[in-house]
file query07.pdb (PDB, C-alpha atoms and all ligand atoms)
MODEL        1
ATOM      1  CA  MET A   1     -52.521   3.551  -9.508  1.00  0.00           C
ATOM      2  CA  ASP A   2     -49.069   2.437  -8.358  1.00  0.00           C
ATOM      3  CA  LYS A   3     -48.571   1.369  -4.745  1.00  0.00           C
ATOM      4  CA  VAL A   4     -44.999   1.803  -3.531  1.00  0.00           C
ATOM      5  CA  ILE A   5     -43.679  -0.742  -1.046  1.00  0.00           C
ATOM      6  CA  SER A   6     -40.613   0.433   0.757  1.00  0.00           C
ATOM      7  CA  GLN A   7     -38.475  -0.314   3.776  1.00  0.00           C
ATOM      8  CA  GLU A   8     -37.613   3.343   3.989  1.00  0.00           C
ATOM      9  CA  ILE A   9     -40.342   4.205   6.474  1.00  0.00           C
ATOM     10  CA  GLY A  10     -40.239   7.975   5.952  1.00  0.00           C
ATOM     11  CA  ALA A  11     -42.676  10.413   7.553  1.00  0.00           C
ATOM     12  CA  TYR A  12     -45.276   7.675   8.173  1.00  0.00           C
ATOM     13  CA  TYR A  13     -46.974   9.837  10.826  1.00  0.00           C
ATOM     14  CA  ARG A  14     -48.121  12.223   8.071  1.00  0.00           C
ATOM     15  CA  HIS A  15     -50.148   9.560   6.299  1.00  0.00           C
ATOM     16  CA  TYR A  16     -53.384  10.642   7.985  1.00  0.00           C
ATOM     17  CA  PRO A  17     -54.662  13.867   9.515  1.00  0.00           C
ATOM     18  CA  ARG A  18     -54.550  14.054  13.295  1.00  0.00           C
ATOM     19  CA  ILE A  19     -56.412  16.262  15.736  1.00  0.00           C
ATOM     20  CA  ALA A  20     -54.017  18.950  16.959  1.00  0.00           C
ATOM     21  CA  VAL A  21     -54.367  19.774  20.653  1.00  0.00           C
ATOM     22  CA  VAL A  22     -52.603  22.031  23.102  1.00  0.00           C
ATOM     23  CA  VAL A  23     -50.978  20.207  26.013  1.00  0.00           C
ATOM     24  CA  THR A  24     -50.603  22.397  29.081  1.00  0.00           C
ATOM     25  CA  ALA A  25     -48.526  21.990  32.209  1.00  0.00           C
ATOM     26  CA  GLN A  26     -47.232  23.894  35.211  1.00  0.00           C
ATOM     27  CA  ALA A  27     -44.622  23.429  37.898  1.00  0.00           C
ATOM     28  CA  LYS A  28     -42.831  25.720  40.329  1.00  0.00           C
ATOM     29  CA  GLY A  29     -45.071  28.640  39.373  1.00  0.00           C
ATOM     30  CA  LYS A  30     -44.330  28.307  35.623  1.00  0.00           C
ATOM     31  CA  ASP A  31     -47.113  27.662  33.133  1.00  0.00           C
ATOM     32  CA  ASN A  32     -46.575  26.343  29.624  1.00  0.00           C
ATOM     33  CA  ALA A  33     -48.420  25.153  26.517  1.00  0.00           C
ATOM     34  CA  MET A  34     -47.303  23.179  23.442  1.00  0.00           C
ATOM     35  CA  ALA A  35     -48.961  21.765  20.341  1.00  0.00           C
ATOM     36  CA  ALA A  36     -49.378  17.990  20.115  1.00  0.00           C
ATOM     37  CA  ALA A  37     -50.691  15.823  17.313  1.00  0.00           C
ATOM     38  CA  TRP A  38     -49.675  12.479  18.826  1.00  0.00           C
ATOM     39  CA  HIS A  39     -52.219  11.606  21.521  1.00  0.00           C
ATOM     40  CA  ALA A  40     -55.136   9.212  22.114  1.00  0.00           C
ATOM     41  CA  PRO A  41     -57.872   7.971  24.458  1.00  0.00           C
ATOM     42  CA  ILE A  42     -56.711   4.691  26.059  1.00  0.00           C
ATOM     43  CA  SER A  43     -59.332   3.482  28.541  1.00  0.00           C
ATOM     44  CA  ARG A  44     -62.965   4.231  29.376  1.00  0.00           C
ATOM     45  CA  GLU A  45     -62.837   2.964  32.995  1.00  0.00           C
ATOM     46  CA  PRO A  46     -60.726   4.412  34.471  1.00  0.00           C
ATOM     47  CA  PRO A  47     -60.680   7.261  31.926  1.00  0.00           C
ATOM     48  CA  LEU A  48     -57.094   7.340  30.629  1.00  0.00           C
ATOM     49  CA  TYR A  49     -55.579   9.612  27.983  1.00  0.00           C
ATOM     50  CA  GLY A  50     -52.118   9.325  26.424  1.00  0.00           C
ATOM     51  CA  VAL A  51     -49.909  12.066  25.015  1.00  0.00           C
ATOM     52  CA  CYS A  52     -46.653  11.443  23.211  1.00  0.00           C
ATOM     53  CA  ILE A  53     -44.086  14.088  24.118  1.00  0.00           C
ATOM     54  CA  SER A  54     -40.401  14.418  23.349  1.00  0.00           C
ATOM     55  CA  PRO A  55     -38.289  14.682  26.512  1.00  0.00           C
ATOM     56  CA  LYS A  56     -36.677  17.766  24.908  1.00  0.00           C
ATOM     57  CA  ARG A  57     -39.869  19.785  25.406  1.00  0.00           C
ATOM     58  CA  PHE A  58     -40.090  22.183  28.320  1.00  0.00           C
ATOM     59  CA  THR A  59     -43.619  20.841  28.755  1.00  0.00           C
ATOM     60  CA  TYR A  60     -42.168  17.393  29.450  1.00  0.00           C
ATOM     61  CA  GLN A  61     -39.960  18.764  32.231  1.00  0.00           C
ATOM     62  CA  LEU A  62     -42.976  20.430  33.855  1.00  0.00           C
ATOM     63  CA  ILE A  63     -45.122  17.279  33.622  1.00  0.00           C
ATOM     64  CA  ALA A  64     -42.314  15.090  35.019  1.00  0.00           C
ATOM     65  CA  GLU A  65     -42.087  17.478  37.964  1.00  0.00           C
ATOM     66  CA  SER A  66     -45.788  18.112  38.716  1.00  0.00           C
ATOM     67  CA  LYS A  67     -47.223  14.745  37.532  1.00  0.00           C
ATOM     68  CA  GLU A  68     -50.128  16.584  35.888  1.00  0.00           C
ATOM     69  CA  PHE A  69     -51.053  17.772  32.394  1.00  0.00           C
ATOM     70  CA  GLY A  70     -53.941  19.302  30.482  1.00  0.00           C
ATOM     71  CA  VAL A  71     -55.249  18.401  27.004  1.00  0.00           C
ATOM     72  CA  ASN A  72     -57.090  21.226  25.221  1.00  0.00           C
ATOM     73  CA  PHE A  73     -59.156  20.869  22.018  1.00  0.00           C
ATOM     74  CA  LEU A  74     -59.506  24.155  20.153  1.00  0.00           C
ATOM     75  CA  PRO A  75     -61.766  25.268  17.290  1.00  0.00           C
ATOM     76  CA  PHE A  76     -60.276  25.703  13.807  1.00  0.00           C
ATOM     77  CA  ALA A  77     -60.406  29.491  14.263  1.00  0.00           C
ATOM     78  CA  GLU A  78     -57.634  29.013  16.858  1.00  0.00           C
ATOM     79  CA  ALA A  79     -55.248  27.080  14.557  1.00  0.00           C
ATOM     80  CA  GLU A  80     -52.792  30.012  14.661  1.00  0.00           C
ATOM     81  CA  LEU A  81     -52.523  29.589  18.418  1.00  0.00           C
ATOM     82  CA  VAL A  82     -51.603  25.916  17.921  1.00  0.00           C
ATOM     83  CA  ALA A  83     -48.868  26.961  15.458  1.00  0.00           C
ATOM     84  CA  SER A  84     -47.661  29.627  17.917  1.00  0.00           C
ATOM     85  CA  VAL A  85     -47.312  27.332  20.943  1.00  0.00           C
ATOM     86  CA  GLY A  86     -45.931  24.601  18.674  1.00  0.00           C
ATOM     87  CA  GLY A  87     -43.303  26.925  17.241  1.00  0.00           C
ATOM     88  CA  SER A  88     -41.925  28.437  20.443  1.00  0.00           C
ATOM     89  CA  GLY A  89     -40.151  27.116  23.500  1.00  0.00           C
ATOM     90  CA  GLY A  90     -41.218  27.584  27.090  1.00  0.00           C
ATOM     91  CA  TYR A  91     -37.545  27.505  28.119  1.00  0.00           C
ATOM     92  CA  GLU A  92     -37.224  30.939  26.464  1.00  0.00           C
ATOM     93  CA  ILE A  93     -40.578  32.678  26.783  1.00  0.00           C
ATOM     94  CA  ASP A  94     -43.791  32.812  28.793  1.00  0.00           C
ATOM     95  CA  LYS A  95     -46.187  31.704  26.035  1.00  0.00           C
ATOM     96  CA  PHE A  96     -49.299  32.703  27.993  1.00  0.00           C
ATOM     97  CA  GLN A  97     -48.054  36.281  28.107  1.00  0.00           C
ATOM     98  CA  ARG A  98     -46.535  36.410  24.600  1.00  0.00           C
ATOM     99  CA  PHE A  99     -49.600  35.006  22.837  1.00  0.00           C
ATOM    100  CA  ASN A 100     -52.089  36.541  25.225  1.00  0.00           C
ATOM    101  CA  ILE A 101     -53.715  33.189  26.025  1.00  0.00           C
ATOM    102  CA  ALA A 102     -56.874  33.418  28.146  1.00  0.00           C
ATOM    103  CA  ARG A 103     -57.529  30.642  30.657  1.00  0.00           C
ATOM    104  CA  ASP A 104     -60.186  29.028  32.764  1.00  0.00           C
ATOM    105  CA  LYS A 105     -59.548  27.789  36.289  1.00  0.00           C
ATOM    106  CA  PRO A 106     -58.679  24.120  36.719  1.00  0.00           C
ATOM    107  CA  VAL A 107     -60.694  22.275  39.363  1.00  0.00           C
ATOM    108  CA  LYS A 108     -58.692  19.131  40.257  1.00  0.00           C
ATOM    109  CA  THR A 109     -55.138  20.052  39.222  1.00  0.00           C
ATOM    110  CA  ALA A 110     -53.091  23.221  38.766  1.00  0.00           C
ATOM    111  CA  VAL A 111     -52.698  22.876  34.956  1.00  0.00           C
ATOM    112  CA  PRO A 112     -53.760  25.847  32.802  1.00  0.00           C
ATOM    113  CA  ILE A 113     -57.034  25.264  30.935  1.00  0.00           C
ATOM    114  CA  LEU A 114     -57.495  27.315  27.762  1.00  0.00           C
ATOM    115  CA  LYS A 115     -60.622  29.457  27.658  1.00  0.00           C
ATOM    116  CA  ALA A 116     -60.881  28.940  23.885  1.00  0.00           C
ATOM    117  CA  ALA A 117     -61.046  25.132  24.254  1.00  0.00           C
ATOM    118  CA  TYR A 118     -64.373  23.456  23.404  1.00  0.00           C
ATOM    119  CA  ALA A 119     -63.176  20.461  25.445  1.00  0.00           C
ATOM    120  CA  ALA A 120     -60.297  20.127  27.886  1.00  0.00           C
ATOM    121  CA  TYR A 121     -59.127  17.402  30.242  1.00  0.00           C
ATOM    122  CA  GLU A 122     -57.254  17.738  33.510  1.00  0.00           C
ATOM    123  CA  CYS A 123     -55.047  14.653  33.880  1.00  0.00           C
ATOM    124  CA  LYS A 124     -52.974  13.143  36.679  1.00  0.00           C
ATOM    125  CA  LEU A 125     -49.931  11.288  35.399  1.00  0.00           C
ATOM    126  CA  VAL A 126     -50.105   7.532  35.999  1.00  0.00           C
ATOM    127  CA  ASP A 127     -47.308   6.344  33.689  1.00  0.00           C
ATOM    128  CA  ASP A 128     -44.344   7.785  31.796  1.00  0.00           C
ATOM    129  CA  ARG A 129     -42.425   5.487  29.452  1.00  0.00           C
ATOM    130  CA  GLY A 130     -39.912   6.090  26.719  1.00  0.00           C
ATOM    131  CA  TYR A 131     -40.476   4.705  23.227  1.00  0.00           C
ATOM    132  CA  GLY A 132     -37.755   5.664  20.749  1.00  0.00           C
ATOM    133  CA  ASP A 133     -37.278   9.430  20.760  1.00  0.00           C
ATOM    134  CA  HIS A 134     -40.581  10.241  22.521  1.00  0.00           C
ATOM    135  CA  ARG A 135     -42.216   9.485  25.848  1.00  0.00           C
ATOM    136  CA  TRP A 136     -45.730   8.129  26.165  1.00  0.00           C
ATOM    137  CA  LEU A 137     -47.392   9.827  29.104  1.00  0.00           C
ATOM    138  CA  VAL A 138     -50.586   8.293  30.407  1.00  0.00           C
ATOM    139  CA  GLY A 139     -52.893  10.427  32.505  1.00  0.00           C
ATOM    140  CA  GLU A 140     -56.084   9.667  34.360  1.00  0.00           C
ATOM    141  CA  ILE A 141     -58.691  12.267  33.419  1.00  0.00           C
ATOM    142  CA  VAL A 142     -59.866  13.760  36.711  1.00  0.00           C
ATOM    143  CA  ALA A 143     -61.937  16.635  35.307  1.00  0.00           C
ATOM    144  CA  VAL A 144     -63.490  17.462  31.918  1.00  0.00           C
ATOM    145  CA  HIS A 145     -64.276  21.026  30.796  1.00  0.00           C
ATOM    146  CA  ARG A 146     -66.751  20.984  27.934  1.00  0.00           C
ATOM    147  CA  LEU A 147     -68.669  23.647  26.053  1.00  0.00           C
ATOM    148  CA  ARG A 148     -72.068  22.003  26.285  1.00  0.00           C
ATOM    149  CA  GLU A 149     -73.662  23.789  23.312  1.00  0.00           C
ATOM    150  CA  VAL A 150     -71.189  22.435  20.742  1.00  0.00           C
ATOM    151  CA  PHE A 151     -71.984  18.789  21.512  1.00  0.00           C
ATOM    152  CA  THR A 152     -74.945  16.661  20.465  1.00  0.00           C
ATOM    153  CA  PRO A 153     -76.809  14.676  23.189  1.00  0.00           C
ATOM    154  CA  GLU A 154     -74.556  11.683  22.258  1.00  0.00           C
ATOM    155  CA  GLU A 155     -71.470  13.819  23.038  1.00  0.00           C
ATOM    156  CA  THR A 156     -70.294  13.944  19.423  1.00  0.00           C
ATOM    157  CA  LEU A 157     -69.234  17.326  18.057  1.00  0.00           C
ATOM    158  CA  ASP A 158     -71.983  19.392  16.451  1.00  0.00           C
ATOM    159  CA  LEU A 159     -70.194  20.523  13.290  1.00  0.00           C
ATOM    160  CA  ASP A 160     -72.691  23.347  12.785  1.00  0.00           C
ATOM    161  CA  LYS A 161     -71.336  24.844  16.007  1.00  0.00           C
ATOM    162  CA  VAL A 162     -67.614  24.044  15.983  1.00  0.00           C
ATOM    163  CA  SER A 163     -64.935  22.781  13.581  1.00  0.00           C
ATOM    164  CA  PRO A 164     -61.989  20.783  14.943  1.00  0.00           C
ATOM    165  CA  ILE A 165     -58.339  21.406  14.030  1.00  0.00           C
ATOM    166  CA  LEU A 166     -56.782  18.604  11.986  1.00  0.00           C
ATOM    167  CA  TYR A 167     -53.068  18.612  11.325  1.00  0.00           C
ATOM    168  CA  LEU A 168     -51.844  17.154   8.030  1.00  0.00           C
ATOM    169  CA  GLY A 169     -48.176  17.574   8.894  1.00  0.00           C
ATOM    170  CA  HIS A 170     -45.618  19.892   7.306  1.00  0.00           C
ATOM    171  CA  GLU A 171     -47.366  22.953   8.834  1.00  0.00           C
ATOM    172  CA  ARG A 172     -50.685  22.237   7.038  1.00  0.00           C
ATOM    173  CA  TYR A 173     -53.962  22.572   8.946  1.00  0.00           C
ATOM    174  CA  VAL A 174     -57.404  21.604   7.749  1.00  0.00           C
ATOM    175  CA  THR A 175     -60.840  20.989   9.217  1.00  0.00           C
ATOM    176  CA  THR A 176     -63.629  18.462   8.635  1.00  0.00           C
ATOM    177  CA  SER A 177     -66.434  18.718   6.107  1.00  0.00           C
ATOM    178  CA  LYS A 178     -70.021  18.489   7.352  1.00  0.00           C
ATOM    179  CA  ASP A 179     -70.608  15.512   5.128  1.00  0.00           C
ATOM    180  CA  ILE A 180     -71.423  12.986   7.898  1.00  0.00           C
ATOM    181  CA  ARG A 181     -72.274   9.358   7.066  1.00  0.00           C
ATOM    182  CA  TYR A 182     -74.075   7.419   9.791  1.00  0.00           C
ATOM    183  CA  LEU A 183     -72.833   3.812   9.463  1.00  0.00           C
ATOM    184  CA  ASP A 184     -74.191   1.749  12.374  1.00  0.00           C
ATOM    185  CA  ARG A 185     -71.569  -0.898  13.230  1.00  0.00           C
ATOM    186  CA  GLU A 186     -74.310  -3.278  14.412  1.00  0.00           C
ATOM    187  CA  VAL A 187     -75.861  -3.131  10.949  1.00  0.00           C
ATOM    188  CA  TYR A 188     -72.633  -3.034   8.942  1.00  0.00           C
ATOM    189  CA  GLY A 189     -70.959  -5.756  11.004  1.00  0.00           C
ATOM    190  CA  LYS A 190     -73.752  -8.168  10.045  1.00  0.00           C
ATOM    191  CA  ARG A 191     -73.994  -7.460   6.316  1.00  0.00           C
TER     192      ARG A 191
HETATM  193  C1  LIG B 201     -49.129  20.846  14.916  1.00  0.00           C
HETATM  194  C2  LIG B 201     -47.991  20.429  15.798  1.00  0.00           C
HETATM  195  C3  LIG B 201     -48.041  19.203  16.434  1.00  0.00           C
HETATM  196  C4  LIG B 201     -47.013  18.791  17.290  1.00  0.00           C
HETATM  197  N1  LIG B 201     -47.094  17.579  17.918  1.00  0.00           N
HETATM  198  C5  LIG B 201     -46.163  17.232  18.834  1.00  0.00           C
HETATM  199  C6  LIG B 201     -46.303  16.030  19.579  1.00  0.00           C
HETATM  200  O1  LIG B 201     -47.282  15.289  19.450  1.00  0.00           O
HETATM  201  N2  LIG B 201     -45.323  15.720  20.471  1.00  0.00           N
HETATM  202  C7  LIG B 201     -44.224  16.508  20.673  1.00  0.00           C
HETATM  203  O2  LIG B 201     -43.353  16.181  21.498  1.00  0.00           O
HETATM  204  N3  LIG B 201     -44.074  17.683  19.969  1.00  0.00           N
HETATM  205  C8  LIG B 201     -45.022  18.063  19.087  1.00  0.00           C
HETATM  206  N4  LIG B 201     -44.919  19.253  18.423  1.00  0.00           N
HETATM  207  C9  LIG B 201     -43.768  20.127  18.688  1.00  0.00           C
HETATM  208  C10 LIG B 201     -43.926  20.972  19.972  1.00  0.00           C
HETATM  209  O3  LIG B 201     -45.214  21.562  20.054  1.00  0.00           O
HETATM  210  C11 LIG B 201     -42.850  22.078  19.934  1.00  0.00           C
HETATM  211  O4  LIG B 201     -41.561  21.469  19.933  1.00  0.00           O
HETATM  212  C12 LIG B 201     -42.955  23.091  21.043  1.00  0.00           C
HETATM  213  O5  LIG B 201     -42.116  24.168  20.727  1.00  0.00           O
HETATM  214  C13 LIG B 201     -42.583  22.527  22.403  1.00  0.00           C
HETATM  215  O6  LIG B 201     -42.690  23.577  23.341  1.00  0.00           O
HETATM  216  P1  LIG B 201     -42.060  23.518  24.788  1.00  0.00           P
HETATM  217  O7  LIG B 201     -40.566  23.289  24.645  1.00  0.00           O
HETATM  218  O8  LIG B 201     -42.390  24.856  25.362  1.00  0.00           O
HETATM  219  O9  LIG B 201     -42.720  22.403  25.539  1.00  0.00           O
HETATM  220  C14 LIG B 201     -45.904  19.655  17.514  1.00  0.00           C
HETATM  221  C15 LIG B 201     -45.853  20.908  16.862  1.00  0.00           C
HETATM  222  C16 LIG B 201     -46.874  21.281  16.016  1.00  0.00           C
HETATM  223  C17 LIG B 201     -46.809  22.621  15.337  1.00  0.00           C
ENDMDL
END
call {"tool": "encode", "arguments": {"input": "query07.pdb", "output": "structure tokens", "more": "lines below"}}
Ligand SMILES: Cc1cc2nc3c(=O)[nH]c(=O)nc-3n(C[C@H](O)[C@H](O)[C@H](O)COP(=O)(O)O)c2cc1C
result
Amino acid sequence: MDKVISQEIGAYYRHYPRIAVVVTAQAKGKDNAMAAAWHAPISREPPLYGVCISPKRFTYQLIAESKEFGVNFLPFAEAELVASVGGSGGYEIDKFQRFNIARDKPVKTAVPILKAAYAAYECKLVDDRGYGDHRWLVGEIVAVHRLREVFTPEETLDLDKVSPILYLGHERYVTTSKDIRYLDREVYGKR
């Protein structure tokens, strides 16, 4: 097997699958949703979540204005919805109407929460910084919406009940297998 070492960095962000989410936002009576694959938990206490959004996105304009955003995790059956909101612009259309997106009521913010989400966070913006061609938006999670029956008591996903959406890049979506290995770090760290 040949390993290529190169200073042409290429599409490095496609080297691993990433959970695809729908980031939601609202301002001045306008609601919007976009797909995002670049995002991460940042802190447990306070609970902080980061999303990486290009300033060209309509969603970014809404978040900059309202200082709030939502992060919605959808089951694999909803992958087409991710492609739809990731392939259309809120400057031109009302995506909630066009794609007939059902919502739940937010409790601590005014961001749209997707009814189809098995988990969703309402976030208040605490930082917004530019890195290269994207902005890293950090939000404090102020409310969590969670479909209790798809989680185990340890709050991991029960894969018999729901499959997450993983994005490979280049418009390819995949989900996880149920082949779980339990590798206790306390045991493995001491081998
Ligand atoms: C699977 C997928 C993942 C994406 N991830 C991101 C992302 O992490 N950050 C980003 O700025 N755009 C991302 N996009 C692109 C936006 O979703 C897309 O440009 C969308 O049309 C923006 O909509 P808006 O202008 O209404 O906000 C992704 C698109 C897809 C299909």
call {"tool": "closest_residue", "arguments": {"input": "query07.pdb", "among": "A:Phe69, A:His145, A:Tyr188, A:Val126", "to": "Asp104 (chain A)", "atoms": "all atoms listed in the file"}}
result
A:His145
call {"tool": "residues_around", "arguments": {"input": "query07.pdb", "residues": "region 76-85 of chain A", "least_positions_apart": "2", "cutoff": "8 Å", "atoms": "only C-alpha atoms", "output": "list in words"}}
result
Ala20, Val21, Val22, Ala33, Met34, Ala35, Leu74, Gly87, Ser88, Gly89, Lys95, Phe99, Ala116, Val162, Ser163, Pro164, Ile165, Glu171, Tyr173, Val174 and Thr175 of chain A
call {"tool": "atom_distance", "arguments": {"input": "query07.pdb", "atom1": "CA of Leu166 (chain A)", "atom2": "CA of Glu68 (chain A)"}}
result
24.9 Å
call {"tool": "atom_distance", "arguments": {"input": "query07.pdb", "atom1": "CA of His170 (chain A)", "atom2": "CA of Val51 (chain A)"}}
result
19.8 Å
call {"tool": "resolve_selection", "arguments": {"input": "query07.pdb", "expression": "the PyMOL selection byres (((chain A and resi 157) around 12) and not hetatm)", "output": "PyMOL selection string"}}
result
chain A and resi 73+75+118-119+146-156+158-164+176+178+180
